[in-house]
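Reviewing the structure listed below.
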Amino acid sequence: MSAVSDAKYDALKLENQLCFPLYAASREVVKRYRPYLDPLGLTYTQYIAMMVFWEHKKCSVKELGEKLYLDSGTLTPVLKSLEAKGLVRRFRSTEDERVLLVEVTEQGEQLRDKALEVPTKISGCVRLDAGEAEKLYTLLYKLLGRLE
């Protein structure tokens, strides 16, 4: 192939994809959580779900999915596992039985104190200064459509 015909395939080069460094960075950051979450008995997805419950105490599965950008097919096994561990309780809304609500239990609240050190330890793994981290945060949420 000539250099001219090779150029038409530049869009297919891995190095030219925005999605790839996002994907790879996400996997690497999530991997860094494991040594801090294993002692808590949580996976990363369970941890971010618990963060929502620690902040809001109770929400519907639909609301949780919206906050975490996850569908109910992904959330159902996560919530079943958290419930089996005694960290959350699932129940039907008395106002609309189609709505499944989830609330943090006392045991789940107690886990919050044990998780306090996780964000600090993770920030030590990410080699960005405060300004870079803030800029990345803003750009990522812009990409997610949360910022105007």
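Ligands are numbered from 1 in the order shown, chains are lettered A, B, ... in the order of the structure tokens, and residues start at 1 in each chain.
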
Do a neighbour search on region 124-140 of chain A at 10 Å with only C-alpha atoms, toss out local chain neighbours closer than 3 positions, and write the hits as a short mmCIF file (atom, residue, chain, number, x, y, z; two decimals) with C-alpha atoms, in the first residue's frame.
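Contents of the output file part.cif:
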data_model
loop_
_atom_site.label_atom_id
_atom_site.label_comp_id
_atom_site.auth_asym_id
_atom_site.auth_seq_id
_atom_site.Cartn_x
_atom_site.Cartn_y
_atom_site.Cartn_z
CA LEU A 22 -10.66 6.72 28.48
CA GLU A 28 -6.37 1.11 35.51
CA VAL A 29 -7.93 3.44 38.09
CA ARG A 32 -6.11 0.51 41.93
CA TYR A 33 -9.21 0.36 44.15
CA PRO A 119 -10.54 8.31 48.45
CA THR A 120 -7.33 9.59 50.04
CA LYS A 121 -5.43 6.42 49.23
CA LEU A 143 -18.52 14.36 28.20
CA LEU A 144 -21.18 12.61 30.28
CA GLY A 145 -23.52 15.51 29.54
CA ARG A 146 -23.88 16.79 33.07
CA LEU A 147 -22.23 20.14 32.49
#

- [ ] Just list the residues in region 88-143 of chain A DSSP gives strand (DSSP E) on the backbone, as a ChimeraX atom specification.
- [x] /A:88-92,100-104

Task: Neighbour list for Val52 (chain A) as JSON, numbers by chain, cut-off 9 Å, only C-alpha atoms, skip fewer than 6 positions in-chain - done: {"A": [58, 59, 64, 67, 68]}

Task: Residue neighbourhood Val102 (chain A), 10 Å, only C-alpha atoms, exclusion window fewer than 4 positions, as a list in words - done: Phe53, Lys57, Lys58, Cys59, Ser60, Val61, Leu64, Leu79, Glu83, Val88, Arg89, Arg90, Phe91, Arg92 and Ser93 of chain A

Write the residues of the preceding selection, restricted to all heavy atoms, as a compact mmCIF listing (two decimals), in the first residue's frame.
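Resulting contents of result_4.txt:
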# COMPACT_ATOMS: atom_id res chain seq x y z
N PHE A 53 -25.81 5.42 48.51
CA PHE A 53 -26.64 5.16 49.69
C PHE A 53 -26.14 5.92 50.92
O PHE A 53 -26.93 6.38 51.73
CB PHE A 53 -26.73 3.66 49.98
CG PHE A 53 -27.39 2.90 48.87
CD1 PHE A 53 -26.76 1.83 48.28
CD2 PHE A 53 -28.64 3.28 48.40
CE1 PHE A 53 -27.37 1.13 47.25
CE2 PHE A 53 -29.26 2.60 47.36
CZ PHE A 53 -28.62 1.52 46.79
N LYS A 57 -29.18 7.80 51.55
CA LYS A 57 -29.84 6.85 52.46
C LYS A 57 -30.80 5.90 51.76
O LYS A 57 -30.83 4.73 52.03
CB LYS A 57 -30.58 7.54 53.62
CG LYS A 57 -29.75 8.52 54.41
CD LYS A 57 -28.49 7.89 54.95
CE LYS A 57 -27.64 8.94 55.67
NZ LYS A 57 -26.24 8.65 55.62
N LYS A 58 -31.62 6.41 50.84
CA LYS A 58 -32.61 5.58 50.14
C LYS A 58 -32.87 6.15 48.76
O LYS A 58 -32.90 7.37 48.59
CB LYS A 58 -33.91 5.56 50.94
CG LYS A 58 -35.03 4.79 50.30
CD LYS A 58 -36.24 4.66 51.20
CE LYS A 58 -37.01 5.94 51.34
NZ LYS A 58 -38.27 5.79 52.10
N CYS A 59 -33.01 5.26 47.77
CA CYS A 59 -33.39 5.69 46.44
C CYS A 59 -33.95 4.51 45.67
O CYS A 59 -33.81 3.36 46.09
CB CYS A 59 -32.22 6.34 45.69
SG CYS A 59 -30.87 5.23 45.27
N SER A 60 -34.59 4.81 44.55
CA SER A 60 -35.11 3.74 43.71
C SER A 60 -33.98 3.16 42.88
O SER A 60 -32.94 3.80 42.68
CB SER A 60 -36.22 4.26 42.79
OG SER A 60 -35.68 5.09 41.80
N VAL A 61 -34.20 1.95 42.38
CA VAL A 61 -33.20 1.33 41.50
C VAL A 61 -33.00 2.20 40.26
O VAL A 61 -31.88 2.38 39.79
CB VAL A 61 -33.61 -0.11 41.13
CG1 VAL A 61 -32.68 -0.70 40.09
CG2 VAL A 61 -33.63 -0.99 42.38
N LEU A 64 -30.81 5.13 41.18
CA LEU A 64 -29.44 4.64 41.35
C LEU A 64 -28.78 4.44 40.00
O LEU A 64 -27.63 4.85 39.79
CB LEU A 64 -29.43 3.35 42.17
CG LEU A 64 -28.06 2.75 42.45
CD1 LEU A 64 -27.22 3.67 43.33
CD2 LEU A 64 -28.21 1.38 43.11
N LEU A 79 -27.01 -5.23 43.75
CA LEU A 79 -27.89 -4.97 44.89
C LEU A 79 -28.20 -6.26 45.66
O LEU A 79 -28.28 -6.25 46.89
CB LEU A 79 -29.17 -4.30 44.42
CG LEU A 79 -28.96 -2.88 43.87
CD1 LEU A 79 -30.24 -2.35 43.25
CD2 LEU A 79 -28.43 -1.95 44.95
N GLU A 83 -27.33 -6.73 49.52
CA GLU A 83 -28.38 -7.13 50.45
C GLU A 83 -27.98 -8.40 51.20
O GLU A 83 -28.19 -8.50 52.42
CB GLU A 83 -29.69 -7.35 49.70
CG GLU A 83 -30.88 -7.58 50.62
CD GLU A 83 -32.20 -7.62 49.88
OE1 GLU A 83 -32.26 -8.22 48.78
OE2 GLU A 83 -33.17 -7.05 50.41
N VAL A 88 -27.61 -3.27 52.51
CA VAL A 88 -28.78 -2.55 52.02
C VAL A 88 -30.01 -3.43 52.17
O VAL A 88 -29.90 -4.65 52.36
CB VAL A 88 -28.65 -2.09 50.54
CG1 VAL A 88 -27.46 -1.16 50.35
CG2 VAL A 88 -28.57 -3.28 49.59
N ARG A 89 -31.16 -2.81 52.06
CA ARG A 89 -32.44 -3.52 52.10
C ARG A 89 -33.25 -3.07 50.89
O ARG A 89 -33.39 -1.86 50.64
CB ARG A 89 -33.17 -3.17 53.39
CG ARG A 89 -34.51 -3.83 53.56
CD ARG A 89 -35.11 -3.48 54.92
NE ARG A 89 -35.76 -2.18 54.93
CZ ARG A 89 -37.03 -1.97 54.60
NH1 ARG A 89 -37.80 -2.96 54.22
NH2 ARG A 89 -37.53 -0.75 54.65
N ARG A 90 -33.77 -4.04 50.13
CA ARG A 90 -34.61 -3.74 48.97
C ARG A 90 -36.07 -3.98 49.35
O ARG A 90 -36.38 -4.95 50.03
CB ARG A 90 -34.25 -4.63 47.78
CG ARG A 90 -32.84 -4.41 47.27
CD ARG A 90 -32.50 -5.29 46.08
NE ARG A 90 -32.62 -6.71 46.41
CZ ARG A 90 -32.85 -7.67 45.53
NH1 ARG A 90 -32.99 -7.39 44.26
NH2 ARG A 90 -32.92 -8.93 45.91
N PHE A 91 -36.94 -3.10 48.86
CA PHE A 91 -38.37 -3.26 49.13
C PHE A 91 -39.18 -2.48 48.10
O PHE A 91 -38.67 -1.56 47.48
CB PHE A 91 -38.71 -2.81 50.56
CG PHE A 91 -38.35 -1.38 50.85
CD1 PHE A 91 -39.30 -0.38 50.77
CD2 PHE A 91 -37.05 -1.03 51.21
CE1 PHE A 91 -38.97 0.95 51.04
CE2 PHE A 91 -36.70 0.29 51.48
CZ PHE A 91 -37.67 1.28 51.39
N ARG A 92 -40.43 -2.88 47.93
CA ARG A 92 -41.33 -2.22 46.99
C ARG A 92 -41.91 -0.95 47.62
O ARG A 92 -42.20 -0.91 48.80
CB ARG A 92 -42.48 -3.15 46.59
CG ARG A 92 -42.03 -4.37 45.82
CD ARG A 92 -41.91 -4.06 44.36
NE ARG A 92 -41.21 -5.14 43.66
CZ ARG A 92 -40.61 -4.97 42.52
NH1 ARG A 92 -40.59 -3.80 41.93
NH2 ARG A 92 -39.99 -5.97 41.94
N SER A 93 -42.09 0.06 46.80
CA SER A 93 -42.72 1.30 47.24
C SER A 93 -44.17 1.02 47.62
O SER A 93 -44.87 0.28 46.92
CB SER A 93 -42.66 2.34 46.13
OG SER A 93 -43.49 3.44 46.44

Open item on the list: If DSSP is run on the backbone, what residues of chain A are helix (DSSP H, G or I)? A reply as JSON, numbers by chain would be ideal.
Closed with: {"A": [3, 4, 5, 6, 7, 10, 11, 12, 14, 15, 16, 19, 20, 21, 22, 23, 24, 25, 26, 27, 28, 29, 30, 31, 32, 33, 34, 35, 36, 37, 38, 39, 40, 44, 45, 46, 47, 48, 49, 50, 51, 52, 53, 54, 55, 56, 61, 62, 63, 64, 65, 66, 67, 68, 72, 73, 74, 75, 76, 77, 78, 79, 80, 81, 82, 83, 84, 106, 107, 108, 109, 110, 111, 112, 113, 114, 115, 118, 119, 120, 121, 122, 123, 130, 131, 132, 133, 134, 135, 136, 137, 138, 139, 140, 141, 142, 143, 144]}

Open item on the list: What does the structure give for the distance between CA of Glu15 (chain A) and CA of Tyr69 (chain A), in Å to one decimal?
Closed with: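 CA of Tyr69 (chain A) lies at a distance of 26.3 Å from CA of Glu15 (chain A).
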